[in-house]
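Below is the file protein-v6.cif, which contains mmCIF, C-alpha atoms.
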data_upload
loop_
_atom_site.label_atom_id
_atom_site.label_comp_id
_atom_site.auth_asym_id
_atom_site.auth_seq_id
_atom_site.Cartn_x
_atom_site.Cartn_y
_atom_site.Cartn_z
CA MET Q 5 44.48 -131.25 13.18
CA VAL Q 6 42.81 -131.29 16.54
CA ILE Q 7 39.20 -130.35 17.07
CA LYS Q 8 38.68 -128.16 20.13
CA VAL Q 9 35.35 -128.31 21.94
CA PHE Q 10 34.84 -125.56 24.50
CA LEU Q 11 32.60 -126.79 27.33
CA ALA Q 12 31.45 -125.66 30.76
CA SER Q 13 32.00 -128.44 33.29
CA SER Q 14 29.83 -126.77 35.90
CA SER Q 15 26.95 -125.32 33.92
CA GLY Q 16 23.67 -124.86 35.76
CA SER Q 17 21.72 -125.22 32.54
CA THR Q 18 20.56 -128.73 31.69
CA ALA Q 19 20.06 -127.64 28.07
CA ILE Q 20 23.74 -126.65 27.79
CA LYS Q 21 24.81 -129.90 29.47
CA LYS Q 22 22.75 -131.97 27.02
CA LYS Q 23 24.11 -130.07 24.02
CA GLN Q 24 27.67 -130.60 25.25
CA GLN Q 25 27.01 -134.32 25.76
CA ASP Q 26 25.50 -134.56 22.29
CA VAL Q 27 28.56 -133.00 20.61
CA VAL Q 28 31.09 -135.01 22.60
CA GLY Q 29 29.16 -138.28 22.22
CA PHE Q 30 28.85 -137.83 18.47
CA LEU Q 31 32.55 -137.01 18.04
CA GLU Q 32 33.45 -140.09 20.09
CA ALA Q 33 31.12 -142.27 18.01
CA LEU Q 34 32.81 -141.03 14.83
CA LYS Q 35 36.23 -141.55 16.46
CA VAL Q 36 37.20 -137.94 15.77
CA ASP Q 37 40.30 -136.74 17.61
CA TYR Q 38 39.21 -133.82 19.81
CA THR Q 39 40.15 -131.95 22.96
CA GLN Q 40 37.74 -130.69 25.60
CA LEU Q 41 38.58 -127.25 26.94
CA ASP Q 42 36.73 -126.18 30.08
CA ILE Q 43 35.67 -122.54 30.20
CA ALA Q 44 34.21 -122.81 33.72
CA CYS Q 45 37.51 -123.65 35.42
CA ASN Q 46 39.95 -121.92 33.08
CA GLU Q 47 39.66 -118.19 32.44
CA ASP Q 48 42.19 -118.35 29.57
CA ASN Q 49 40.00 -120.87 27.74
CA ARG Q 50 36.93 -118.71 28.29
CA MET Q 51 38.61 -115.56 27.00
CA TRP Q 52 40.14 -117.35 23.99
CA MET Q 53 36.77 -118.83 23.04
CA ARG Q 54 34.95 -115.50 23.37
CA GLN Q 55 37.59 -113.63 21.37
CA ASN Q 56 37.72 -116.20 18.56
CA VAL Q 57 34.02 -116.67 17.86
CA PRO Q 58 33.38 -114.38 14.86
CA GLU Q 59 31.30 -111.28 15.63
CA ASP Q 60 28.59 -112.27 13.16
CA ARG Q 61 28.18 -115.64 14.92
CA LYS Q 62 27.86 -114.27 18.46
CA PRO Q 63 24.43 -114.01 20.09
CA THR Q 64 22.83 -110.60 20.57
CA ASN Q 65 24.27 -110.25 24.07
CA GLY Q 66 27.76 -110.81 22.58
CA ILE Q 67 28.65 -113.74 24.85
CA PRO Q 68 28.80 -117.12 23.10
CA LEU Q 69 27.65 -120.08 25.18
CA PRO Q 70 29.19 -123.55 25.11
CA PRO Q 71 29.59 -125.79 23.29
CA GLN Q 72 31.70 -123.92 20.72
CA ILE Q 73 33.73 -125.95 18.23
CA PHE Q 74 37.03 -125.06 16.56
CA ASN Q 75 39.47 -126.86 14.26
CA GLU Q 76 42.75 -125.64 15.77
CA GLU Q 77 42.33 -121.84 15.45
CA SER Q 78 39.54 -121.98 12.85
CA TYR Q 79 35.97 -121.52 14.08
CA CYS Q 80 33.60 -124.32 13.05
CA GLY Q 81 30.42 -123.34 14.85
CA ASP Q 82 28.15 -123.76 17.85
CA TYR Q 83 25.71 -126.52 18.77
CA ASP Q 84 23.03 -125.40 16.31
CA THR Q 85 25.37 -125.42 13.32
CA PHE Q 86 26.86 -128.73 14.50
CA PHE Q 87 23.36 -130.21 14.74
CA ASP Q 88 22.51 -128.97 11.23
CA ALA Q 89 25.71 -130.54 9.85
CA LYS Q 90 24.86 -133.78 11.64
CA GLU Q 91 21.39 -133.82 10.09
CA ASP Q 92 22.88 -133.16 6.63
CA ASN Q 93 25.55 -135.89 7.01
CA SER Q 94 28.24 -133.23 6.63
CA VAL Q 95 29.93 -133.27 10.04
CA TYR Q 96 33.40 -133.84 8.60
CA SER Q 97 33.00 -130.88 6.26
CA PHE Q 98 31.70 -128.80 9.20
CA LEU Q 99 34.80 -129.76 11.19
CA GLY Q 100 37.14 -129.09 8.26
CA LEU Q 101 38.21 -132.74 8.13
CA PRO Q 102 38.29 -135.13 5.17
CA PRO Q 103 35.46 -137.68 5.39
CA PRO Q 104 36.52 -141.31 5.83
CA PRO Q 105 36.25 -143.49 2.73
CA GLY Q 106 32.90 -145.21 2.42
CA SER Q 107 31.02 -142.71 4.59
CA LYS Q 108 27.86 -141.04 3.32
CA GLU Q 109 29.68 -137.74 3.35
CA ALA Q 110 32.52 -139.15 1.21
CA GLU Q 111 29.99 -140.62 -1.23
CA LYS Q 112 28.22 -137.26 -1.44
CA ALA Q 113 31.55 -135.53 -2.11
CA ASP Q 114 32.41 -138.10 -4.80
CA LYS Q 115 29.06 -137.59 -6.52
CA ALA Q 116 29.50 -133.81 -6.39
CA ASP Q 117 33.00 -134.20 -7.90
CA ILE Q 118 31.69 -136.40 -10.73
CA VAL Q 119 28.87 -133.98 -11.49
CA GLU Q 120 31.32 -131.07 -11.45
CA ASN Q 121 34.06 -132.77 -13.49
CA GLY Q 122 32.04 -135.19 -15.62
CA THR Q 123 32.38 -138.95 -15.64
CA HIS Q 124 35.08 -141.04 -17.24
CA ALA Q 125 34.92 -144.77 -17.91
CA GLU Q 126 37.98 -145.36 -15.72
CA GLU Q 127 36.41 -143.49 -12.81
CA THR Q 128 33.17 -145.42 -13.24
CA ASN Q 129 34.93 -148.81 -13.30
CA THR Q 130 37.05 -147.89 -10.28
CA ALA Q 131 33.99 -146.64 -8.42
CA HIS Q 132 32.10 -149.91 -9.08
CA ALA Q 133 35.05 -151.99 -7.86
CA GLU Q 134 35.37 -149.85 -4.74
CA GLU Q 135 31.62 -150.09 -4.11
CA GLU Q 136 31.75 -153.89 -4.17
CA GLU Q 137 34.77 -154.00 -1.87
CA GLY Q 138 33.27 -151.46 0.50
CA GLN Q 139 29.78 -153.01 0.72
CA GLU Q 140 30.52 -154.79 4.00
CA GLU Q 141 32.07 -151.62 5.37
CA GLU Q 142 29.00 -149.61 4.36
CA ASP Q 143 26.68 -152.14 6.02
CA LEU Q 144 28.60 -151.77 9.28
CA GLN Q 145 28.60 -148.01 8.94
CA SER Q 146 24.84 -147.99 8.27
CA GLU Q 147 24.29 -149.96 11.47
CA GLU Q 148 26.47 -147.50 13.38
CA GLU Q 149 24.62 -144.54 11.89
CA GLU Q 150 21.28 -146.08 12.86
CA GLU Q 151 22.52 -146.58 16.41
CA LEU Q 152 23.70 -142.96 16.47
CA ARG Q 153 20.31 -141.78 15.21
CA GLN Q 154 18.57 -143.74 17.94
CA LEU Q 155 20.92 -142.28 20.57
CA GLU Q 156 20.29 -138.79 19.23
CA GLU Q 157 16.54 -139.26 19.39
CA GLU Q 158 16.80 -140.52 22.97
CA GLU Q 159 19.01 -137.58 23.92
CA GLU Q 160 16.63 -135.11 22.28
CA ALA Q 161 13.73 -136.65 24.22
CA GLU Q 162 15.72 -136.34 27.46
CA VAL Q 163 16.56 -132.70 26.70
CA GLN Q 164 12.89 -131.94 26.10
CA GLU Q 165 11.90 -133.69 29.32
CA ASP Q 166 14.53 -131.77 31.30
CA GLU Q 167 13.46 -128.48 29.76
CA GLU Q 168 9.83 -129.25 30.59
CA GLU Q 169 10.79 -130.13 34.17
CA ASP Q 170 12.80 -126.92 34.46
CA LEU Q 171 9.83 -124.94 33.14
CA GLU Q 172 7.47 -126.63 35.61
CA GLU Q 173 9.87 -125.93 38.49
CA THR Q 174 10.15 -122.30 37.43
CA GLN Q 175 6.38 -121.98 37.20
CA GLU Q 176 5.94 -123.58 40.63
CA GLU Q 177 8.53 -121.22 42.11
CA GLU Q 178 6.83 -118.23 40.55
CA ALA Q 179 3.44 -119.42 41.85
CA GLU Q 180 4.82 -119.50 45.40
#

Starting from the file, lay out its structure as structure tokens.
Amino acid sequence: MVIKVFLASSSGSTAIKKKQQDVVGFLEALKVDYTQLDIACNEDNRMWMRQNVPEDRKPTNGIPLPPQIFNEESYCGDYDTFFDAKEDNSVYSFLGLPPPPGSKEAEKADKADIVENGTHAEETNTAHAEEEEGQEEEDLQSEEEEELRQLEEEEEAEVQEDEEEDLEETQEEEAE
């Protein structure tokens, strides 16, 4: 399965550019296989994206803005829903992909499965053995997640700065 991210390579909006960078950077950090499809240079991509975003997910003007994310033909969401999934540690679920073993999302899914199905001694023993073996892996993943969080915070700060600069420029232009 290939994740498709619809982007605009020549967007005039810094907010859209930052959102696109955020999505692509996060997918790269997670080593998710994805394809970038440019809607600015390719009319077919633009029309496909617009036709395949569900009506109930389109903005009031009816024209969805990039980034829009699909798993093959299946719509995943826009930047806001991606951001929410990122905050909830459920990006793989959002993308329709199985979470990698040892990830927070996989652990959450395992806990939900145990709660739903009940626990068995064999499952508990296996889980403890896997936890011990995966401790080093989890430590590395925790470090990576912390780095990602820091990058996200920096990017959010940059987006806010750019939006403030754009607002100031607009106000200055209006004052003239």

Mind telling me what the PyMOL selection byres ((chain Q and resi 54-57) around 12) catches here, as a short mmCIF file (atom, residue, chain, number, x, y, z; two decimals) with C-alpha atoms, in the coordinates of the input?
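Generated output (result.cif):
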data_model
loop_
_atom_site.label_atom_id
_atom_site.label_comp_id
_atom_site.auth_asym_id
_atom_site.auth_seq_id
_atom_site.Cartn_x
_atom_site.Cartn_y
_atom_site.Cartn_z
CA PHE Q 10 34.84 -125.56 24.50
CA ILE Q 43 35.67 -122.54 30.20
CA GLU Q 47 39.66 -118.19 32.44
CA ASP Q 48 42.19 -118.35 29.57
CA ASN Q 49 40.00 -120.87 27.74
CA ARG Q 50 36.93 -118.71 28.29
CA MET Q 51 38.61 -115.56 27.00
CA TRP Q 52 40.14 -117.35 23.99
CA MET Q 53 36.77 -118.83 23.04
CA PRO Q 58 33.38 -114.38 14.86
CA GLU Q 59 31.30 -111.28 15.63
CA ASP Q 60 28.59 -112.27 13.16
CA ARG Q 61 28.18 -115.64 14.92
CA LYS Q 62 27.86 -114.27 18.46
CA PRO Q 63 24.43 -114.01 20.09
CA ASN Q 65 24.27 -110.25 24.07
CA GLY Q 66 27.76 -110.81 22.58
CA ILE Q 67 28.65 -113.74 24.85
CA PRO Q 68 28.80 -117.12 23.10
CA LEU Q 69 27.65 -120.08 25.18
CA PRO Q 70 29.19 -123.55 25.11
CA PRO Q 71 29.59 -125.79 23.29
CA GLN Q 72 31.70 -123.92 20.72
CA ILE Q 73 33.73 -125.95 18.23
CA PHE Q 74 37.03 -125.06 16.56
CA ASN Q 75 39.47 -126.86 14.26
CA GLU Q 76 42.75 -125.64 15.77
CA GLU Q 77 42.33 -121.84 15.45
CA SER Q 78 39.54 -121.98 12.85
CA TYR Q 79 35.97 -121.52 14.08
CA CYS Q 80 33.60 -124.32 13.05
CA GLY Q 81 30.42 -123.34 14.85
CA ASP Q 82 28.15 -123.76 17.85
#

### Query
Any idea what the distance is between atom CA of Glu157 of chain Q and atom CA of Glu91 of chain Q?
11.8 Å

### Message
Going by the chain IDs and residue numbers used in this file, which residues fall under the PyMOL selection byres ((chain Q and resi 14) around 12)? Write them as a ChimeraX atom specification.
### Response
/Q:11-13,15-18,20-21,24,42-46,70

### Message
As an exercise, work out the distance from atom CA of Pro102 of chain Q to atom CA of Glu156 of chain Q in Å and give it to one decimal place.
### Response
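Atom CA of Pro102 of chain Q sits 23.1 Å away from atom CA of Glu156 of chain Q.
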
### Task
List, as number ranges by chain, every residue that the PyMOL selection byres ((chain Q and resi 35) around 12) selects in the file provided.
Q: 7, 28-34, 36-38, 96, 103-104, 148

### Task
Would you work out the distance separating atom CA of Lys108 of chain Q from atom CA of Val95 of chain Q, expressed in Å to one decimal?
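Spanning atom CA of Lys108 of chain Q to atom CA of Val95 of chain Q is a straight-line distance of 10.5 Å.
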
### Message
Taking only C-alpha atoms into account, name the residue in Q:Leu41, Q:Ser94, Q:Lys22, Q:Ala89 that is nearest to Glu158 of chain Q.
### Response
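Counting only C-alpha atoms, the residue closest to Glu158 of chain Q is Q:Lys22.
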
### Using only C-alpha atoms: which of Q:Lys90, Q:Tyr83, Q:Lys112, Q:Val27 has the shortest distance to Arg153 of chain Q
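Ranking Q:Lys90, Q:Tyr83, Q:Lys112, Q:Val27 by distance to Arg153 of chain Q, first place goes to Q:Lys90.
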
Please return the centre and edge lengths, in Å to one decimal, of a box with edges along x, y and z that contains all listed atoms of segment 48-66 of chain Q, widened by 8 Å on every side, as JSON.
{"center_x": 32.5, "center_y": -115.6, "center_z": 21.4, "size_x": 35.4, "size_y": 26.6, "size_z": 32.4}

### Among the residues Q:Asn93, Q:Gln175, Q:Asp166, Q:Leu99, the one that comes closest to Glu149 of chain Q [using all atoms listed in the file]
Q:Asn93
